[in-house]
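Pasted below: upload32.cif, mmCIF, C-alpha atoms (C1' of nucleotides).
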data_final
#
loop_
_atom_site.label_atom_id
_atom_site.label_comp_id
_atom_site.auth_asym_id
_atom_site.auth_seq_id
_atom_site.Cartn_x
_atom_site.Cartn_y
_atom_site.Cartn_z
CA MET A 1 -24.18 2.24 12.30
CA LYS A 2 -24.06 5.69 10.73
CA ILE A 3 -21.90 5.97 7.59
CA ALA A 4 -21.29 9.30 5.87
CA THR A 5 -19.50 10.40 2.72
CA PHE A 6 -18.09 13.91 2.51
CA ASN A 7 -15.92 15.56 -0.14
CA ILE A 8 -14.13 18.05 2.09
CA ASN A 9 -12.17 19.89 -0.65
CA GLY A 10 -8.88 20.06 1.20
CA ILE A 11 -8.15 18.87 4.75
CA LYS A 12 -5.77 21.77 5.39
CA ALA A 13 -8.50 24.29 4.71
CA ARG A 14 -11.33 22.26 6.25
CA HIS A 15 -10.10 20.43 9.33
CA GLN A 16 -11.92 22.67 11.79
CA ALA A 17 -15.16 22.52 9.79
CA LEU A 18 -14.78 18.75 9.67
CA VAL A 19 -14.26 18.49 13.43
CA ASP A 20 -17.32 20.68 14.02
CA TRP A 21 -19.48 18.52 11.78
CA LEU A 22 -18.22 15.24 13.27
CA LYS A 23 -19.13 16.46 16.76
CA GLU A 24 -22.64 17.33 15.63
CA ALA A 25 -23.44 14.50 13.22
CA GLU A 26 -21.57 11.80 15.14
CA PRO A 27 -21.09 9.36 12.27
CA ASP A 28 -19.50 6.05 13.19
CA VAL A 29 -17.67 6.16 9.89
CA ALA A 30 -16.83 9.09 7.60
CA LEU A 31 -15.52 8.44 4.09
CA LEU A 32 -13.66 11.52 2.92
CA GLN A 33 -12.67 12.66 -0.55
CA GLU A 34 -10.35 15.35 -1.89
CA ILE A 35 -8.18 15.47 1.20
CA LYS A 36 -5.59 17.11 -1.13
CA SER A 37 -2.78 16.01 1.15
CA VAL A 38 -0.10 13.38 1.45
CA ASP A 39 -0.65 10.87 4.24
CA GLU A 40 1.98 12.50 6.47
CA GLY A 41 0.24 15.86 6.15
CA PHE A 42 -3.16 14.64 7.36
CA PRO A 43 -3.89 16.00 10.86
CA ARG A 44 -4.89 12.59 12.17
CA GLU A 45 -4.52 13.53 15.84
CA LEU A 46 -7.44 15.97 15.55
CA PHE A 47 -9.70 13.03 14.77
CA GLU A 48 -8.06 10.49 17.02
CA GLU A 49 -8.88 12.88 19.89
CA LEU A 50 -12.54 12.45 18.94
CA GLY A 51 -12.22 8.68 19.06
CA TYR A 52 -11.72 7.96 15.37
CA SER A 53 -9.27 5.62 13.76
CA VAL A 54 -7.76 7.26 10.69
CA GLU A 55 -6.77 5.58 7.42
CA THR A 56 -5.63 7.75 4.54
CA HIS A 57 -4.71 7.27 0.91
CA GLY A 58 -3.38 10.64 -0.10
CA GLN A 59 -1.24 12.34 -2.71
CA LYS A 60 0.25 15.77 -3.15
CA SER A 61 -2.08 18.65 -4.05
CA PHE A 62 -5.04 16.76 -5.50
CA ASN A 63 -7.42 13.89 -4.95
CA GLY A 64 -6.88 11.73 -1.87
CA VAL A 65 -9.38 9.71 0.17
CA ALA A 66 -9.61 8.74 3.82
CA ILE A 67 -11.67 6.75 6.29
CA LEU A 68 -12.41 7.88 9.84
CA SER A 69 -14.03 5.26 12.05
CA LYS A 70 -15.05 4.97 15.68
CA LEU A 71 -15.46 1.24 15.16
CA PRO A 72 -12.61 -1.18 14.53
CA LEU A 73 -11.22 -1.18 10.97
CA GLU A 74 -9.78 -4.30 9.39
CA ASP A 75 -8.16 -5.26 6.10
CA VAL A 76 -7.52 -1.75 4.81
CA THR A 77 -6.52 -1.61 1.14
CA ARG A 78 -5.59 1.38 -0.98
CA GLY A 79 -6.04 2.03 -4.68
CA LEU A 80 -8.53 0.76 -7.26
CA PRO A 81 -7.30 -2.52 -8.79
CA GLY A 82 -6.90 -2.98 -12.52
CA ASP A 83 -4.23 -0.49 -13.59
CA GLU A 84 -0.86 -0.47 -11.91
CA SER A 85 0.08 2.70 -13.81
CA ASP A 86 -2.77 4.72 -12.25
CA GLU A 87 -1.18 6.88 -9.57
CA GLN A 88 -4.25 8.91 -8.62
CA ALA A 89 -5.43 8.33 -5.04
CA ARG A 90 -9.15 7.78 -5.46
CA TRP A 91 -10.08 4.52 -3.74
CA ILE A 92 -9.76 3.03 -0.26
CA GLU A 93 -11.40 -0.01 1.31
CA ALA A 94 -11.82 -1.24 4.86
CA THR A 95 -14.01 -3.62 6.80
CA VAL A 96 -15.85 -2.06 9.72
CA VAL A 97 -16.97 -4.26 12.57
CA GLY A 98 -20.25 -3.25 14.21
CA ASP A 99 -22.17 -4.71 17.11
CA LYS A 100 -24.24 -7.02 14.93
CA GLY A 101 -21.87 -7.68 12.06
CA ALA A 102 -19.30 -6.35 9.63
CA VAL A 103 -19.57 -4.31 6.45
CA ARG A 104 -16.97 -3.74 3.74
CA LEU A 105 -16.66 -0.06 2.86
CA CYS A 106 -15.26 1.40 -0.36
CA GLY A 107 -14.53 5.11 -0.29
CA LEU A 108 -14.21 6.56 -3.77
CA TYR A 109 -13.48 9.78 -5.62
CA LEU A 110 -14.54 9.12 -9.18
CA PRO A 111 -12.75 11.20 -11.84
CA ASN A 112 -14.53 14.34 -12.99
CA GLY A 113 -13.89 13.69 -16.70
CA ASN A 114 -13.95 17.26 -17.99
CA PRO A 115 -13.13 18.49 -20.50
CA VAL A 116 -14.99 15.95 -22.61
CA GLU A 117 -12.98 15.02 -25.68
CA LEU A 118 -14.70 12.83 -28.27
CA ASP A 119 -13.42 11.78 -31.69
CA ASP A 120 -15.46 11.92 -34.91
CA ALA A 121 -17.06 8.58 -34.06
CA GLY A 122 -18.15 9.88 -30.69
CA GLN A 123 -15.62 7.80 -28.80
CA PRO A 124 -13.55 9.26 -25.95
CA VAL A 125 -10.11 10.41 -27.09
CA GLU A 126 -7.47 8.06 -25.72
CA GLY A 127 -5.42 9.64 -22.96
CA GLY A 128 -8.03 12.31 -22.32
CA LYS A 129 -9.77 12.98 -19.05
CA TYR A 130 -13.10 11.66 -20.22
CA ALA A 131 -11.53 8.39 -21.36
CA TYR A 132 -9.89 8.14 -17.93
CA LYS A 133 -13.24 8.61 -16.24
CA LEU A 134 -14.91 5.86 -18.27
CA SER A 135 -12.02 3.42 -17.93
CA TRP A 136 -11.92 4.08 -14.18
CA MET A 137 -15.62 3.24 -14.00
CA GLU A 138 -14.96 -0.02 -15.87
CA ARG A 139 -12.35 -0.91 -13.26
CA MET A 140 -14.76 0.04 -10.49
CA LYS A 141 -17.38 -2.22 -12.03
CA ALA A 142 -14.92 -5.11 -12.06
CA ARG A 143 -14.10 -4.56 -8.38
CA ALA A 144 -17.81 -4.30 -7.57
CA GLU A 145 -18.43 -7.65 -9.28
CA GLU A 146 -15.70 -9.28 -7.19
CA LEU A 147 -17.23 -7.97 -3.98
CA LEU A 148 -20.79 -8.86 -5.00
CA ALA A 149 -19.72 -12.46 -5.49
CA LEU A 150 -19.00 -12.64 -1.76
CA GLU A 151 -22.71 -12.03 -1.03
CA GLU A 152 -21.90 -9.92 2.01
CA PRO A 153 -22.88 -6.40 3.09
CA PHE A 154 -20.75 -3.76 1.40
CA VAL A 155 -21.11 -0.10 0.57
CA MET A 156 -19.43 1.95 -2.15
CA ALA A 157 -19.69 5.58 -1.12
CA GLY A 158 -18.16 8.80 -2.28
CA ASP A 159 -18.05 11.56 -4.82
CA TYR A 160 -19.20 9.81 -8.00
CA ASN A 161 -19.09 12.93 -10.16
CA ILE A 162 -22.25 11.60 -11.79
CA ILE A 163 -25.64 13.33 -11.98
CA PRO A 164 -27.74 10.16 -12.34
CA GLN A 165 -30.86 11.78 -13.79
CA ASP A 166 -32.08 15.24 -14.79
CA GLU A 167 -34.04 15.47 -11.55
CA ASP A 168 -30.70 15.46 -9.73
CA ALA A 169 -29.79 18.91 -11.08
CA ALA A 170 -31.52 22.24 -10.51
CA LYS A 171 -30.65 23.22 -14.10
CA PRO A 172 -30.24 19.98 -16.05
CA GLU A 173 -29.91 21.82 -19.37
CA ALA A 174 -26.73 23.51 -18.09
CA TRP A 175 -25.10 20.08 -17.63
CA ARG A 176 -26.19 18.55 -20.94
CA GLY A 177 -22.72 18.16 -22.49
CA ASP A 178 -20.81 17.85 -19.23
CA ALA A 179 -18.88 14.74 -18.18
CA LEU A 180 -21.08 14.53 -15.07
CA ALA A 181 -24.29 14.13 -17.05
CA LEU A 182 -23.48 12.83 -20.54
CA PRO A 183 -25.48 9.75 -21.57
CA GLN A 184 -22.25 7.70 -21.68
CA SER A 185 -21.49 8.72 -18.09
CA ARG A 186 -24.98 7.87 -16.89
CA GLU A 187 -24.88 4.55 -18.72
CA ALA A 188 -21.58 3.65 -17.08
CA PHE A 189 -23.09 4.49 -13.69
CA ARG A 190 -26.17 2.38 -14.43
CA ARG A 191 -24.03 -0.55 -15.54
CA ILE A 192 -22.60 -0.59 -12.04
CA LEU A 193 -25.90 0.12 -10.30
CA ASN A 194 -27.68 -2.57 -12.30
CA LEU A 195 -25.32 -5.27 -11.10
CA GLY A 196 -27.70 -5.33 -8.17
CA PHE A 197 -26.91 -2.29 -6.06
CA THR A 198 -29.36 -0.05 -4.26
CA GLU A 199 -28.71 3.68 -4.44
CA ALA A 200 -29.41 4.48 -0.81
CA PHE A 201 -30.80 8.00 -1.14
CA ARG A 202 -33.25 7.08 -3.91
CA ALA A 203 -34.39 4.05 -1.96
CA ARG A 204 -35.83 6.47 0.59
CA VAL A 205 -36.43 9.84 -1.11
CA GLN A 206 -38.03 10.54 -4.49
CA GLY A 207 -38.40 13.67 -6.57
CA PRO A 208 -36.27 16.68 -7.53
CA GLY A 209 -34.59 19.29 -5.38
CA HIS A 210 -32.09 17.15 -3.44
CA TYR A 211 -28.46 18.13 -3.97
CA SER A 212 -25.04 17.44 -2.50
CA PHE A 213 -22.93 20.01 -4.37
CA TRP A 214 -23.29 23.70 -5.09
CA ASP A 215 -20.61 25.51 -7.12
CA TYR A 216 -18.68 28.31 -5.45
CA GLN A 217 -19.38 30.52 -8.44
CA ALA A 218 -22.31 32.68 -9.44
CA GLY A 219 -24.18 32.39 -6.16
CA ALA A 220 -25.11 28.78 -6.83
CA TRP A 221 -25.83 28.11 -3.15
CA GLN A 222 -27.95 31.22 -2.71
CA LYS A 223 -29.97 30.24 -5.81
CA ASN A 224 -30.09 26.58 -4.78
CA ASN A 225 -28.50 25.76 -8.13
CA GLY A 226 -27.15 22.40 -7.03
CA ILE A 227 -26.48 18.88 -8.25
CA ARG A 228 -26.61 15.47 -6.54
CA ILE A 229 -23.32 13.70 -7.24
CA ASP A 230 -22.36 12.11 -3.90
CA HIS A 231 -23.85 8.65 -3.59
CA LEU A 232 -23.88 5.48 -1.49
CA LEU A 233 -24.41 2.22 -3.35
CA LEU A 234 -25.45 -0.76 -1.24
CA SER A 235 -24.95 -4.43 -1.99
CA PRO A 236 -28.16 -6.48 -1.66
CA GLN A 237 -27.05 -7.65 1.77
CA ALA A 238 -26.34 -4.05 2.85
CA ALA A 239 -29.63 -2.82 1.38
CA ASP A 240 -31.45 -5.25 3.67
CA LEU A 241 -29.91 -3.35 6.60
CA LEU A 242 -30.74 0.18 5.41
CA ARG A 243 -32.66 2.34 7.85
CA GLU A 244 -32.28 6.07 7.26
CA VAL A 245 -30.68 8.40 4.71
CA GLY A 246 -29.89 12.09 4.89
CA ILE A 247 -28.05 15.03 3.39
CA ASP A 248 -26.52 17.57 5.78
CA LYS A 249 -27.36 20.48 3.49
CA GLU A 250 -27.05 23.15 6.18
CA ILE A 251 -23.25 22.71 6.20
CA ARG A 252 -23.02 24.48 2.84
CA GLY A 253 -24.23 27.77 4.31
CA ARG A 254 -21.40 28.07 6.84
CA ASP A 255 -18.22 30.15 6.57
CA LYS A 256 -15.58 28.75 4.21
CA PRO A 257 -17.50 25.58 3.39
CA SER A 258 -16.60 22.75 1.07
CA ASP A 259 -18.61 22.88 -2.15
CA HIS A 260 -19.98 19.43 -1.22
CA VAL A 261 -22.01 18.46 1.86
CA PRO A 262 -22.15 15.15 3.77
CA VAL A 263 -24.55 12.43 2.64
CA TRP A 264 -25.22 9.65 5.15
CA ILE A 265 -27.04 6.43 5.89
CA THR A 266 -27.72 4.34 8.94
CA LEU A 267 -27.51 0.56 8.77
CA ASP A 268 -28.94 -1.95 11.23
CA LEU A 269 -25.47 -3.05 12.27
"C1'" DA B 1 -21.27 32.95 -19.11
"C1'" DT B 2 -15.64 26.94 -21.42
"C1'" DG B 3 -17.09 30.44 -15.75
"C1'" DG B 4 -18.73 34.75 -12.04
"C1'" DC B 5 -15.00 30.97 -6.80
"C1'" DT B 6 -11.77 28.21 -4.05
"C1'" DA B 7 -7.62 25.36 -2.83
"C1'" DC B 8 -3.15 24.02 -3.79
"C1'" DC B 9 1.73 24.82 -4.74
"C1'" DT B 10 8.41 25.81 -2.49
"C1'" DA B 11 4.02 29.82 -6.17
"C1'" DT B 12 3.64 35.56 -6.44
"C1'" DG B 13 0.07 33.19 -11.41
"C1'" DG B 14 -0.96 28.40 -13.27
"C1'" DT B 15 -3.73 24.26 -12.61
"C1'" DA B 16 -7.74 21.76 -11.20
"C1'" DG B 17 -12.22 21.30 -9.81
"C1'" DA B 18 -17.60 20.50 -11.46
#
Final structure tokens representation of the file:
Amino acid sequence: MKIATFNINGIKARHQALVDWLKEAEPDVALLQEIKSVDEGFPRELFEELGYSVETHGQKSFNGVAILSKLPLEDVTRGLPGDESDEQARWIEATVVGDKGAVRLCGLYLPNGNPVELDDAGQPVEGGKYAYKLSWMERMKARAEELLALEEPFVMAGDYNIIPQDEDAAKPEAWRGDALALPQSREAFRRILNLGFTEAFRARVQGPGHYSFWDYQAGAWQKNNGIRIDHLLLSPQAADLLREVGIDKEIRGRDKPSDHVPVWITLDL
DNA sequence: ATGGCTACCTATGGTAGA
């Protein structure tokens, strides 16, 4: 089973690029972020023609996540539990049934968190974007703990907006005070990871120079000034099934690309 | 270099992204 995560930066602007990539990469499941569309505006028929089931959790203008699957989807849920007042569409779950078994998938678009606002004590300012990021990660951790208790294969994949280590940025010094790389952000990521997850890419590939995002500005792609912020976290039972990992870097060099590229795994399912 | 782009919106420039 091939599972990919891809922040497409707008389905309206990217549907043809997405179709092209799906035909080439042939993932069984694609977890999408930043569809930037309401559910009714998602061109689902384009993907149904390719054999995908389509489940969306969208909102107007910003955010929005979706799951495309060639395999049967069950028990789809939308929204990250833990705060009924949170109206941002950043989380979707579904169970995918493969030939050898099922896996629970969580597609996520973790808040960016910039600008970072800290008070004199170094604590995030309440109501600010950085506080939202950290509180969202606390809620994600709680959901992850619930799912881990089931002791079944599950995968949390998406745009984490976290640069886990300096080796995950071409210019780590440029990200020093950024919400994607601050020690508090990395600690929050590790608190989730250390519950017992395996970060799929790092389970297979070590060393610097592997990125999933290149800014549109300042020729970042041409200079390979990238960061690795799109991740797949595997439960212990999913990690046992991990075969391959990859980053479809070449996508970034095409016309009118997303600023992110697909990251994928294959599971023995 | 707190942004050199890009996408969205009932817009014609502001907001958000990372």
Residues returned when the PyMOL selection byres ((chain B) within 9 of (chain A)) runs on this file, as a list in words: DT2, DG3, DG4, DC5, DT6, DA7, DC8, DC9, DA16, DG17 and DA18 of chain B
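Among the candidate residues A:Gly158, A:Gly246, A:Pro124, A:Pro153, the one lying nearest to A:Arg90 is A:Gly158, with distances computed using all atoms listed in the file.
On the file presented, the PyMOL selection byres ((chain A and resi 239-244) around 8) picks out Pro153, Phe197, Thr198, Ala200, Arg204, Leu234, Ser235, Pro236, Gln237, Ala238, Val245, Gly246, Ile265, Thr266, Leu267, Asp268 and Leu269 of chain A.
Here atom CA of A:Leu108 is placed at a distance of 22.0 Å from atom CA of A:Glu48.
The coordinates place atom CA of A:Lys70 at 18.5 Å from atom CA of A:Ala17.
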Selection result for the PyMOL selection byres ((chain A and resi 134) around 12) on this file, as a ChimeraX atom specification: /A:110-114,116-117,123-133,135-141,160-162,179-180,182-189,191-192
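Atom CA of A:Asp168 is positioned 16.0 Å from atom CA of A:Pro262.
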A:Gln59 surroundings by all atoms listed in the file, 8 Å radius, close-in-sequence under 5 positions cut, as a list in words: Lys36, Ser37, Val38, Asp39, Gly64, Gln88 and Ala89 of chain A
Deliver the residues from the most recent selection as a file, using C-alpha atoms, as a PDB file, in the coordinates of the input.
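Final file, out_1.pdb:
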ATOM      1  CA  LYS A  36      -5.590  17.110  -1.130  1.00  0.00           C
ATOM      2  CA  SER A  37      -2.780  16.010   1.150  1.00  0.00           C
ATOM      3  CA  VAL A  38      -0.100  13.380   1.450  1.00  0.00           C
ATOM      4  CA  ASP A  39      -0.650  10.870   4.240  1.00  0.00           C
ATOM      5  CA  GLY A  64      -6.880  11.730  -1.870  1.00  0.00           C
ATOM      6  CA  GLN A  88      -4.250   8.910  -8.620  1.00  0.00           C
ATOM      7  CA  ALA A  89      -5.430   8.330  -5.040  1.00  0.00           C
TER       8      ALA A  89
END
